Structure formats: C-alpha cells, structure tokens
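What follows is a short report on a single structure.
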There are 2 protein chains.
Amino acid sequence: MPAATSAPADPHRPDAKPHRRAGRPAAAVLDQAGITSAALQLIGKSGYDGFTMAALARTLNVAPSALYNHVSSKRDVLVLVQDHLTSFVDVSAFEAEPWDQAVRDWAWSYREVFSKHTPLIPVIAVLPVTDAPKTLAMYEAVSAGFNRAGFPEERIVSAIVALESFIFGSAYDVTAPADIFDSGSMAESTPYFTSAVDRLAEQGDERPADVAFSLGLEALIAGFGAMRA
Amino acid sequence: MPAATSAPADPHRPDAKPHRRAGRPAAAVLDQAGITSAALQLIGKSGYDGFTMAALARTLNVAPSALYNHVSSKRDVLVLVQDHLTSFVDVSAFEAEPWDQAVRDWAWSYREVFSKHTPLIPVIAVLPVTDAPKTLAMYEAVSAGFNRAGFPEERIVSAIVALESFIFGSAYDVTAPADIFDSGSMAESTPYFTSAVDRLAEQGDERPADVAFSLGLEALIAGFGAMRA
DNA sequence: CCCACTAAATGAATGGCGTTCATTTAGTGT
DNA sequence: ACACTAAATGAACGCCATTCATTTAGTGGG
C-alpha cells in the first residue's frame, strides 16, 4: 500500500525514504507530485466537470487504475490539489506590513486563489490540517502575524476561522451570475429588496462581489483589530 | 414539457391553473410540492449520499424517469429543497427587535438551518433569486429591516451578501471534525499555531465553531451598525 | 357518447463514473 | 539467479443521472 495523503513526506527532509525491505523498481512513472500537477493542469483546461480519474490518467499516459497505487480516492487527489493551491496564497505581508494591511492582503489573495476552485471548498472546510502540510504552514504564518501584533492568543484560531469562513463564502460570490439578484416578474412584491438592488447597480462599476467582500472584510479587520493589546 | 422550476406558481393564487387546451388527467401522483417534501425526508433519513433520483422515485412509488415530467434535473430538485428550507430561516426579529439583535437572530437561524445541508451551499450561492421565491421573500424581509434601521440603501445588498457569505462559510465549520486543527506530528514545526490551538482548547466548553461564528458575526454587526443614519 | 388530445408514468437503454482486483511487468538487493 | 516488491494493466462491477419511444388514463369539445 502506498503512502497515504494523511502521512505526507516531511518537507524538511525531502530525501527521507520510507523503510524498505527489498528492491524498489526504478521506473516509477507516477508519483503524488506528478499527479497533483497533472490534476491542476487538467482542471485548468477542462474545469471540474472534465476532471475525472479517467481523464487524469489519460493525461499521464497511464491506466485509470494505476492512479490508485499512489492515491486512495478521487477525493485524495482533490486534497493534494487543494494543499498545492494553498501555497499560492500570499502570506508575505505578515512579515512586512502592519497587521491590518497584512490581513487585508492575505484575505484578498486567499479569496482570489479559491474563487477559481470553489468545488474544493467543501473539501478544505472540513479537512484536518494534518492532511495538508502547506495549509498548515499558512496557518502558522498567519498565527505568527497575529501573535506579533498583540492579538490575544486564545482568540487567534477563532479569528482565523471566522475570516476563513467569510473568505470561502465570498469565493462563491465571485462565480455567481451578474444578474443573480434580478427579481424579474416578482419585483412588485419585493419593493425594498428590488429598490436596494437598483441602488447598488447605480453605484460605481466595481464588481459587486468585490464591494461586498471589501465591506465585510473591513468590518472584520476593524472589529478584530480592536482586540489587540 | 412541465413547468420548470424557474417559473413557479404564484403563491397568492394557488388555484391558478396553467392554460390548457385539452383535458387533463386527474390522477397526478406527482407534483413539485410532493417531490420536494419527499426529497427532504429522504435527505433526512439517508443524507446527501443516499439522495439519488432512483431512491427518491422509490419513496414516491414511481419510476425514476417519471420525476423528469416535473423536474428537469437533479439540481432542480436541490433548488426546490433549498428554497423550501429557506422558509425555515427565522426573519421575524426584523419586525420585533432592534436592528443589531434582528441581524443576530437571523444569522444564527440561517446558519443553523444550512449547517445540516452544506451540500446545498454551492447551489444556493450562485442561484438567481428568480428561481427561489421563498429565498427572495427572505431577502425582502431583511432588506426592509435594514431600511427601517436607517441603513444606507446603496449598501444594503452588499451588506447582506457579506453576511450571507460569512454564514455559508460558517455552516461548513459546524460539520468539521473536532480535531481538525490537531497538527499531530508536525506540531514542533508550527509553534505559533499549535500554541494558539492549545489555548483555544483550554477555553470554555462552547463549541469552537460557535465561538468563531459569534466572534465574526459581532464584528460584522458592529461594523455595519456604524453605517446607519 | 365517443373521439381527439394531453399530461403523466413506464421500462429499457445509454454512457459515464469511481473503484476493485487478479494478473503481469520490471527493477533490486542478496 | 532468485526472491521479493512496487507499480501498471485491463477487465470487470455497481451505481449514477438522464433520454426516449411507448403505454396509460383522464377530459373537454363535437
């Protein structure tokens, strides 16, 4: 049985090889890194609908069943992709900017990355950090930033969870159709809402999803910022 | 072709029948309301994994293909279920409580309902309101409450969207495993985060998801509350 | 009264999916 | 040269949503 996703290699010792009791065939066509990048490519080209184990195997010139020597399920592949994507989330501001700006930069970057991968959100949201080392690394960077900014330690995790929840929900908004709030023929029975929608449309040309995200994010930053020592 | 979900019957005239040019068979075993309630029951009993068109048809004593006379896809059924569930979200506080308490009550109720139905969230989040009359009614009640409280009209929709995003993301948290933040063997390489997780665990016995939700919600309420006239 | 018309239900078929498994292939250390 | 093993194969399996030609059974108009 191959190493499962839940026991990833220690990134600090990439040479570390699992204990083996006999010879190992050299010509390994497949490995988790290769599967991950092929999956990411395939998703980029065909979307999540076109992302099937058969299609993934085809891009790797391999039989579908061969994948199961390196991965225990399709969900496993999604977890690998998710963790890889998380390394694209920019946490650098936590070492260069004041706390509020760091949170802002991180949150926008986080939403940006996953708004193109909303089918992963149900997976991420309930995934133990043990199964996602790069995600864990992101949490570490953010936690360190909160700590450095004098944020009360017992609330750090809750604040991150709250921010993340808002970010995930907002990632969906980005993909919503532009006319999602058009009440159409029922407009006359919903005067308050219809009027509010019209007023929004009159506003600047900024994307509605961006306006809502900014509004909520600034409220969260202000509210949490007041908790610092 | 049967009436689609996107053209629901006017709730104010339940007797209104679509124009027909010839006789209509009386023994209609199936209709959208029956399908919706059967679907809800089935989901309650078997979860979303057990919710298949075949299983749904079985509970209605009907062939799977018969469903397609009343519904155009499985997604359509999910939309019906979603809209029905939304009528369980409590918006009454907007007519009885001050604005901040009304938002609080509504948000907790909203999260409560959909935390048991997270597979619907990807559907709701991008669903045009036209296809979901009860959801539209909820927006109307909330908009009216914001208006009455002196909230600037051009920001009402953005505020609701932000709150909703936070609620949807938080609904996932409720279903996450308790040990989701256990960094396990990698604890020593993530000292800040591990320490923050430990500190959280030392706190009261309130569910972590509830603490995070409360933290974020209060920040949003405070931030948005300051915008009122 | 019955006939033309229709909505609704049927059951078989389709194509795709994720996954399993017995088997084969091909390197490796002893 | 042999024992051992990881990895790849290809054929199956069961399940899924959906389609479609056909049948069933009511109804209003003549």
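Letters A, B, ... go to the chains of the structure tokens in the order shown; residues in each chain start at 1; ligands are counted from 1 in the same order.
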
Worksheet item: Which parts of chain A does DSSP call alpha helix (DSSP H) when run on the backbone here, written out as a PyMOL selection string?
Response: chain A and resi 32-46+53-59+74-86+99-115+121-125+133-148+156-175+191-202+208-225

Produce the least-squares-superposed copy of chain B, fitted on chain A over all in-order C-alpha pairs, as a compact mmCIF listing (two decimals) with C-alpha atoms, in the first residue's frame.
# COMPACT_ATOMS: atom_id res chain seq x y z
CA MET B 1 -0.25 -0.16 -0.03
CA PRO B 2 1.26 3.23 -1.01
CA ALA B 3 1.85 6.08 1.37
CA ALA B 4 -1.46 7.80 2.02
CA THR B 5 -2.07 11.51 1.78
CA SER B 6 -2.36 11.57 5.53
CA ALA B 7 1.34 10.68 5.88
CA PRO B 8 3.09 13.12 3.54
CA ALA B 9 6.86 13.17 3.17
CA ASP B 10 8.80 15.49 5.41
CA PRO B 11 9.58 18.50 3.19
CA HIS B 12 12.83 19.13 5.06
CA ARG B 13 14.29 15.80 3.98
CA PRO B 14 13.21 15.25 0.38
CA ASP B 15 15.71 12.38 0.07
CA ALA B 16 14.25 10.47 2.95
CA LYS B 17 12.97 7.19 1.61
CA PRO B 18 10.51 4.97 3.37
CA HIS B 19 12.05 1.86 4.87
CA ARG B 20 12.12 -0.87 2.27
CA ARG B 21 12.89 -4.52 2.78
CA ALA B 22 13.61 -5.39 -0.82
CA GLY B 23 14.37 -3.97 -4.22
CA ARG B 24 12.41 -1.08 -5.57
CA PRO B 25 11.60 -0.83 -9.27
CA ALA B 26 13.21 2.33 -10.64
CA ALA B 27 10.80 3.34 -13.39
CA ALA B 28 8.10 4.95 -11.30
CA VAL B 29 6.03 6.74 -13.89
CA LEU B 30 3.75 8.17 -11.28
CA ASP B 31 4.07 9.94 -7.94
CA GLN B 32 1.94 12.28 -5.86
CA ALA B 33 3.70 15.40 -7.08
CA GLY B 34 3.19 14.40 -10.71
CA ILE B 35 -0.42 13.51 -10.09
CA THR B 36 -1.01 16.81 -8.35
CA SER B 37 0.41 18.95 -11.11
CA ALA B 38 -1.33 16.93 -13.81
CA ALA B 39 -4.59 17.30 -11.91
CA LEU B 40 -4.11 21.03 -11.62
CA GLN B 41 -3.40 21.32 -15.33
CA LEU B 42 -6.41 19.21 -16.22
CA ILE B 43 -8.69 21.25 -13.99
CA GLY B 44 -7.39 24.39 -15.61
CA LYS B 45 -8.12 23.07 -19.06
CA SER B 46 -11.36 21.15 -18.53
CA GLY B 47 -12.76 22.47 -15.28
CA TYR B 48 -14.03 20.35 -12.44
CA ASP B 49 -16.65 18.69 -14.63
CA GLY B 50 -13.98 17.38 -16.95
CA PHE B 51 -11.83 16.31 -14.05
CA THR B 52 -12.31 12.55 -13.85
CA MET B 53 -9.93 9.82 -12.81
CA ALA B 54 -10.02 8.49 -16.36
CA ALA B 55 -9.15 11.87 -17.85
CA LEU B 56 -6.41 12.39 -15.31
CA ALA B 57 -4.93 8.98 -16.12
CA ARG B 58 -5.07 9.79 -19.83
CA THR B 59 -2.99 12.94 -19.42
CA LEU B 60 -0.43 10.83 -17.55
CA ASN B 61 -0.45 8.08 -20.19
CA VAL B 62 -1.47 5.52 -17.66
CA ALA B 63 -4.44 3.32 -16.87
CA PRO B 64 -6.99 4.79 -14.43
CA SER B 65 -6.40 1.99 -11.98
CA ALA B 66 -2.70 2.85 -11.79
CA LEU B 67 -3.59 6.04 -9.96
CA TYR B 68 -4.84 4.03 -7.04
CA ASN B 69 -1.32 2.86 -6.29
CA HIS B 70 -0.50 6.42 -5.24
CA VAL B 71 -3.77 7.83 -4.10
CA SER B 72 -6.62 6.18 -2.32
CA SER B 73 -9.54 8.03 -3.85
CA LYS B 74 -10.49 10.93 -6.06
CA ARG B 75 -11.07 12.97 -2.93
CA ASP B 76 -7.44 12.33 -2.10
CA VAL B 77 -6.40 13.96 -5.35
CA LEU B 78 -8.56 16.95 -4.53
CA VAL B 79 -6.85 17.22 -1.17
CA LEU B 80 -3.46 17.23 -2.86
CA VAL B 81 -4.62 19.92 -5.26
CA GLN B 82 -6.09 21.97 -2.45
CA ASP B 83 -2.91 21.89 -0.43
CA HIS B 84 -0.84 22.78 -3.45
CA LEU B 85 -3.07 25.74 -4.25
CA THR B 86 -2.76 27.00 -0.70
CA SER B 87 0.94 27.59 -1.28
CA PHE B 88 -0.10 30.25 -3.79
CA VAL B 89 -1.86 32.23 -1.07
CA ASP B 90 0.29 35.21 -0.21
CA VAL B 91 1.12 35.49 3.48
CA SER B 92 4.23 37.61 3.01
CA ALA B 93 2.53 40.77 4.24
CA PHE B 94 2.51 39.40 7.77
CA GLU B 95 6.23 40.00 7.83
CA ALA B 96 6.31 43.36 6.11
CA GLU B 97 3.12 45.26 6.81
CA PRO B 98 1.12 46.39 9.82
CA TRP B 99 -1.40 43.85 11.05
CA ASP B 100 -4.49 45.29 9.40
CA GLN B 101 -2.84 45.58 6.00
CA ALA B 102 -1.41 42.09 6.33
CA VAL B 103 -4.84 40.62 7.02
CA ARG B 104 -6.24 42.57 4.08
CA ASP B 105 -3.59 41.34 1.65
CA TRP B 106 -3.84 37.77 2.84
CA ALA B 107 -7.63 37.66 2.67
CA TRP B 108 -7.81 39.10 -0.86
CA SER B 109 -5.16 36.69 -2.04
CA TYR B 110 -6.85 33.74 -0.37
CA ARG B 111 -10.20 34.58 -1.96
CA GLU B 112 -8.58 35.14 -5.33
CA VAL B 113 -6.98 31.70 -5.37
CA PHE B 114 -10.04 29.73 -4.35
CA SER B 115 -12.65 31.68 -6.28
CA LYS B 116 -11.35 29.71 -9.27
CA HIS B 117 -11.63 26.46 -7.33
CA THR B 118 -14.90 26.63 -5.43
CA PRO B 119 -15.54 22.88 -5.78
CA LEU B 120 -12.62 22.43 -3.38
CA ILE B 121 -14.23 24.50 -0.65
CA PRO B 122 -16.41 21.71 0.76
CA VAL B 123 -13.23 19.64 0.93
CA ILE B 124 -11.00 22.26 2.56
CA ALA B 125 -13.55 23.41 5.08
CA VAL B 126 -13.67 20.11 6.93
CA LEU B 127 -10.16 18.85 6.22
CA PRO B 128 -7.89 18.08 9.19
CA VAL B 129 -4.74 20.19 8.91
CA THR B 130 -2.64 17.07 9.32
CA ASP B 131 -3.59 16.09 5.78
CA ALA B 132 -2.53 19.43 4.33
CA PRO B 133 0.99 20.52 5.36
CA LYS B 134 1.11 23.61 3.21
CA THR B 135 -2.21 24.73 4.61
CA LEU B 136 -0.81 24.21 8.07
CA ALA B 137 2.18 26.36 7.11
CA MET B 138 -0.18 29.12 6.08
CA TYR B 139 -1.96 28.96 9.43
CA GLU B 140 1.40 29.17 11.15
CA ALA B 141 2.36 32.31 9.26
CA VAL B 142 -0.98 33.93 10.00
CA SER B 143 -0.92 32.92 13.67
CA ALA B 144 2.56 34.31 14.04
CA GLY B 145 1.40 37.60 12.54
CA PHE B 146 -1.55 37.82 14.90
CA ASN B 147 0.69 37.05 17.83
CA ARG B 148 3.23 39.67 16.89
CA ALA B 149 0.45 42.21 16.57
CA GLY B 150 -0.62 41.65 20.15
CA PHE B 151 -3.74 39.69 19.40
CA PRO B 152 -5.01 37.74 22.44
CA GLU B 153 -3.76 34.22 21.92
CA GLU B 154 -6.91 32.42 23.00
CA ARG B 155 -8.85 34.14 20.23
CA ILE B 156 -6.43 33.70 17.35
CA VAL B 157 -7.87 30.46 16.04
CA SER B 158 -11.44 31.72 16.27
CA ALA B 159 -10.53 34.89 14.41
CA ILE B 160 -8.81 32.94 11.66
CA VAL B 161 -11.74 30.59 11.36
CA ALA B 162 -14.15 33.50 11.12
CA LEU B 163 -12.06 35.18 8.45
CA GLU B 164 -11.70 31.96 6.54
CA SER B 165 -15.43 31.32 6.65
CA PHE B 166 -16.04 34.74 5.22
CA ILE B 167 -13.41 34.17 2.55
CA PHE B 168 -14.83 30.83 1.47
CA GLY B 169 -18.36 32.15 1.27
CA SER B 170 -17.14 35.16 -0.67
CA ALA B 171 -15.25 32.96 -3.12
CA TYR B 172 -18.58 31.60 -4.29
CA ASP B 173 -19.90 35.11 -4.88
CA VAL B 174 -17.16 35.78 -7.37
CA THR B 175 -18.52 33.02 -9.59
CA ALA B 176 -22.18 34.02 -9.31
CA PRO B 177 -23.96 35.30 -12.43
CA ALA B 178 -24.16 39.08 -12.72
CA ASP B 179 -27.95 39.14 -12.71
CA ILE B 180 -28.31 36.86 -9.70
CA PHE B 181 -30.44 39.46 -7.87
CA ASP B 182 -32.75 40.27 -10.73
CA SER B 183 -36.14 39.62 -9.18
CA GLY B 184 -37.75 39.78 -12.62
CA SER B 185 -41.51 39.38 -12.67
CA MET B 186 -41.74 39.29 -8.89
CA ALA B 187 -40.22 42.73 -8.49
CA GLU B 188 -43.46 44.40 -7.45
CA SER B 189 -43.94 42.08 -4.50
CA THR B 190 -40.46 42.80 -3.17
CA PRO B 191 -40.17 46.59 -3.25
CA TYR B 192 -37.46 47.08 -0.61
CA PHE B 193 -35.16 44.48 -2.03
CA THR B 194 -35.72 45.52 -5.62
CA SER B 195 -34.99 49.10 -4.78
CA ALA B 196 -31.83 48.15 -2.94
CA VAL B 197 -30.67 46.12 -5.93
CA ASP B 198 -31.33 49.07 -8.24
CA ARG B 199 -29.39 51.39 -5.99
CA LEU B 200 -26.47 49.01 -6.01
CA ALA B 201 -26.45 48.90 -9.79
CA GLU B 202 -26.34 52.71 -9.92
CA GLN B 203 -23.08 52.68 -7.99
CA GLY B 204 -19.62 52.55 -9.50
CA ASP B 205 -18.56 49.89 -11.91
CA GLU B 206 -16.68 47.89 -9.31
CA ARG B 207 -17.70 44.26 -9.30
CA PRO B 208 -20.50 43.74 -6.75
CA ALA B 209 -18.72 40.73 -5.28
CA ASP B 210 -15.65 42.87 -4.65
CA VAL B 211 -17.69 45.60 -2.99
CA ALA B 212 -19.37 43.13 -0.67
CA PHE B 213 -16.08 41.44 0.13
CA SER B 214 -14.41 44.73 0.93
CA LEU B 215 -17.32 45.83 3.10
CA GLY B 216 -17.32 42.66 5.17
CA LEU B 217 -13.56 42.34 5.36
CA GLU B 218 -13.10 45.90 6.62
CA ALA B 219 -15.72 45.34 9.29
CA LEU B 220 -13.96 42.18 10.43
CA ILE B 221 -10.55 43.85 10.44
CA ALA B 222 -11.89 46.80 12.42
CA GLY B 223 -13.69 44.56 14.90
CA PHE B 224 -10.76 42.22 15.41
CA GLY B 225 -8.21 45.02 15.37
CA ALA B 226 -9.81 46.50 18.48
CA MET B 227 -9.03 43.32 20.39
CA ARG B 228 -5.28 43.77 20.18
CA ALA B 229 -3.28 44.68 23.27

Worksheet entry | Residues of chain D within 8 Å of chain A, counting only C-alpha atoms (C1' of nucleotides), as a PyMOL selection string | chain D and resi 4-9

Export of the given selection (N, CA and C atoms (P, O5', C5', C4', C3', O3' and C1' of nucleotides)) as a PDB file, in the first residue's frame:
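Writing done, so here's out33.pdb:
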ATOM      1  P    DC D   4      10.633 -14.782  -0.820  1.00  0.00           P
ATOM      2  O5'  DC D   4      10.459 -13.230  -1.121  1.00  0.00           O
ATOM      3  C5'  DC D   4      11.490 -12.325  -0.727  1.00  0.00           C
ATOM      4  C4'  DC D   4      11.215 -10.961  -1.318  1.00  0.00           C
ATOM      5  C3'  DC D   4       9.746 -10.538  -1.261  1.00  0.00           C
ATOM      6  O3'  DC D   4       9.622  -9.385  -0.456  1.00  0.00           O
ATOM      7  C1'  DC D   4      10.749 -10.031  -3.360  1.00  0.00           C
ATOM      8  P    DT D   5       8.153  -8.838   0.012  1.00  0.00           P
ATOM      9  O5'  DT D   5       8.076  -7.523  -0.887  1.00  0.00           O
ATOM     10  C5'  DT D   5       9.214  -6.662  -0.991  1.00  0.00           C
ATOM     11  C4'  DT D   5       8.970  -5.674  -2.097  1.00  0.00           C
ATOM     12  C3'  DT D   5       7.520  -5.189  -2.135  1.00  0.00           C
ATOM     13  O3'  DT D   5       7.495  -3.777  -2.113  1.00  0.00           O
ATOM     14  C1'  DT D   5       8.241  -5.888  -4.291  1.00  0.00           C
ATOM     15  P    DA D   6       6.159  -3.056  -1.640  1.00  0.00           P
ATOM     16  O5'  DA D   6       6.172  -1.855  -2.679  1.00  0.00           O
ATOM     17  C5'  DA D   6       7.398  -1.205  -2.984  1.00  0.00           C
ATOM     18  C4'  DA D   6       7.331  -0.642  -4.389  1.00  0.00           C
ATOM     19  C3'  DA D   6       6.072   0.169  -4.663  1.00  0.00           C
ATOM     20  O3'  DA D   6       6.443   1.301  -5.438  1.00  0.00           O
ATOM     21  C1'  DA D   6       6.201  -1.618  -6.205  1.00  0.00           C
ATOM     22  P    DA D   7       5.406   2.380  -5.835  1.00  0.00           P
ATOM     23  O5'  DA D   7       5.007   1.935  -7.319  1.00  0.00           O
ATOM     24  C5'  DA D   7       6.014   1.842  -8.317  1.00  0.00           C
ATOM     25  C4'  DA D   7       5.392   1.305  -9.582  1.00  0.00           C
ATOM     26  C3'  DA D   7       4.094   2.008  -9.981  1.00  0.00           C
ATOM     27  O3'  DA D   7       4.179   2.351 -11.339  1.00  0.00           O
ATOM     28  C1'  DA D   7       3.802  -0.324  -9.984  1.00  0.00           C
ATOM     29  P    DA D   8       3.178   3.332 -12.012  1.00  0.00           P
ATOM     30  O5'  DA D   8       2.492   2.411 -13.120  1.00  0.00           O
ATOM     31  C5'  DA D   8       3.307   1.840 -14.138  1.00  0.00           C
ATOM     32  C4'  DA D   8       2.497   0.795 -14.863  1.00  0.00           C
ATOM     33  C3'  DA D   8       1.138   1.280 -15.364  1.00  0.00           C
ATOM     34  O3'  DA D   8       1.058   1.104 -16.770  1.00  0.00           O
ATOM     35  C1'  DA D   8       0.945  -0.786 -14.181  1.00  0.00           C
ATOM     36  P    DT D   9      -0.265   1.483 -17.533  1.00  0.00           P
ATOM     37  O5'  DT D   9      -0.981   0.078 -17.607  1.00  0.00           O
ATOM     38  C5'  DT D   9      -0.276  -1.029 -18.160  1.00  0.00           C
ATOM     39  C4'  DT D   9      -1.140  -2.268 -18.071  1.00  0.00           C
ATOM     40  C3'  DT D   9      -2.526  -2.096 -18.666  1.00  0.00           C
ATOM     41  O3'  DT D   9      -2.633  -2.896 -19.826  1.00  0.00           O
ATOM     42  C1'  DT D   9      -2.578  -3.235 -16.573  1.00  0.00           C
TER      43       DT D   9
END

Discussion item. As JSON, numbers by chain, could you give me every residue of chain C near chain A (at most 6 Å apart, counting only C-alpha atoms (C1' of nucleotides))?
Written reply: {"C": [27, 28, 29]}

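The coordinates place C1' of DC5 in chain C at 12.1 Å from C1' of DA25 in chain D.
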
Item to complete: May I ask for the distance between C1' of DT22 in chain D and C1' of DC17 in chain C, given in Å to one decimal place?
Response: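 These two atoms are separated by 28.9 Å.
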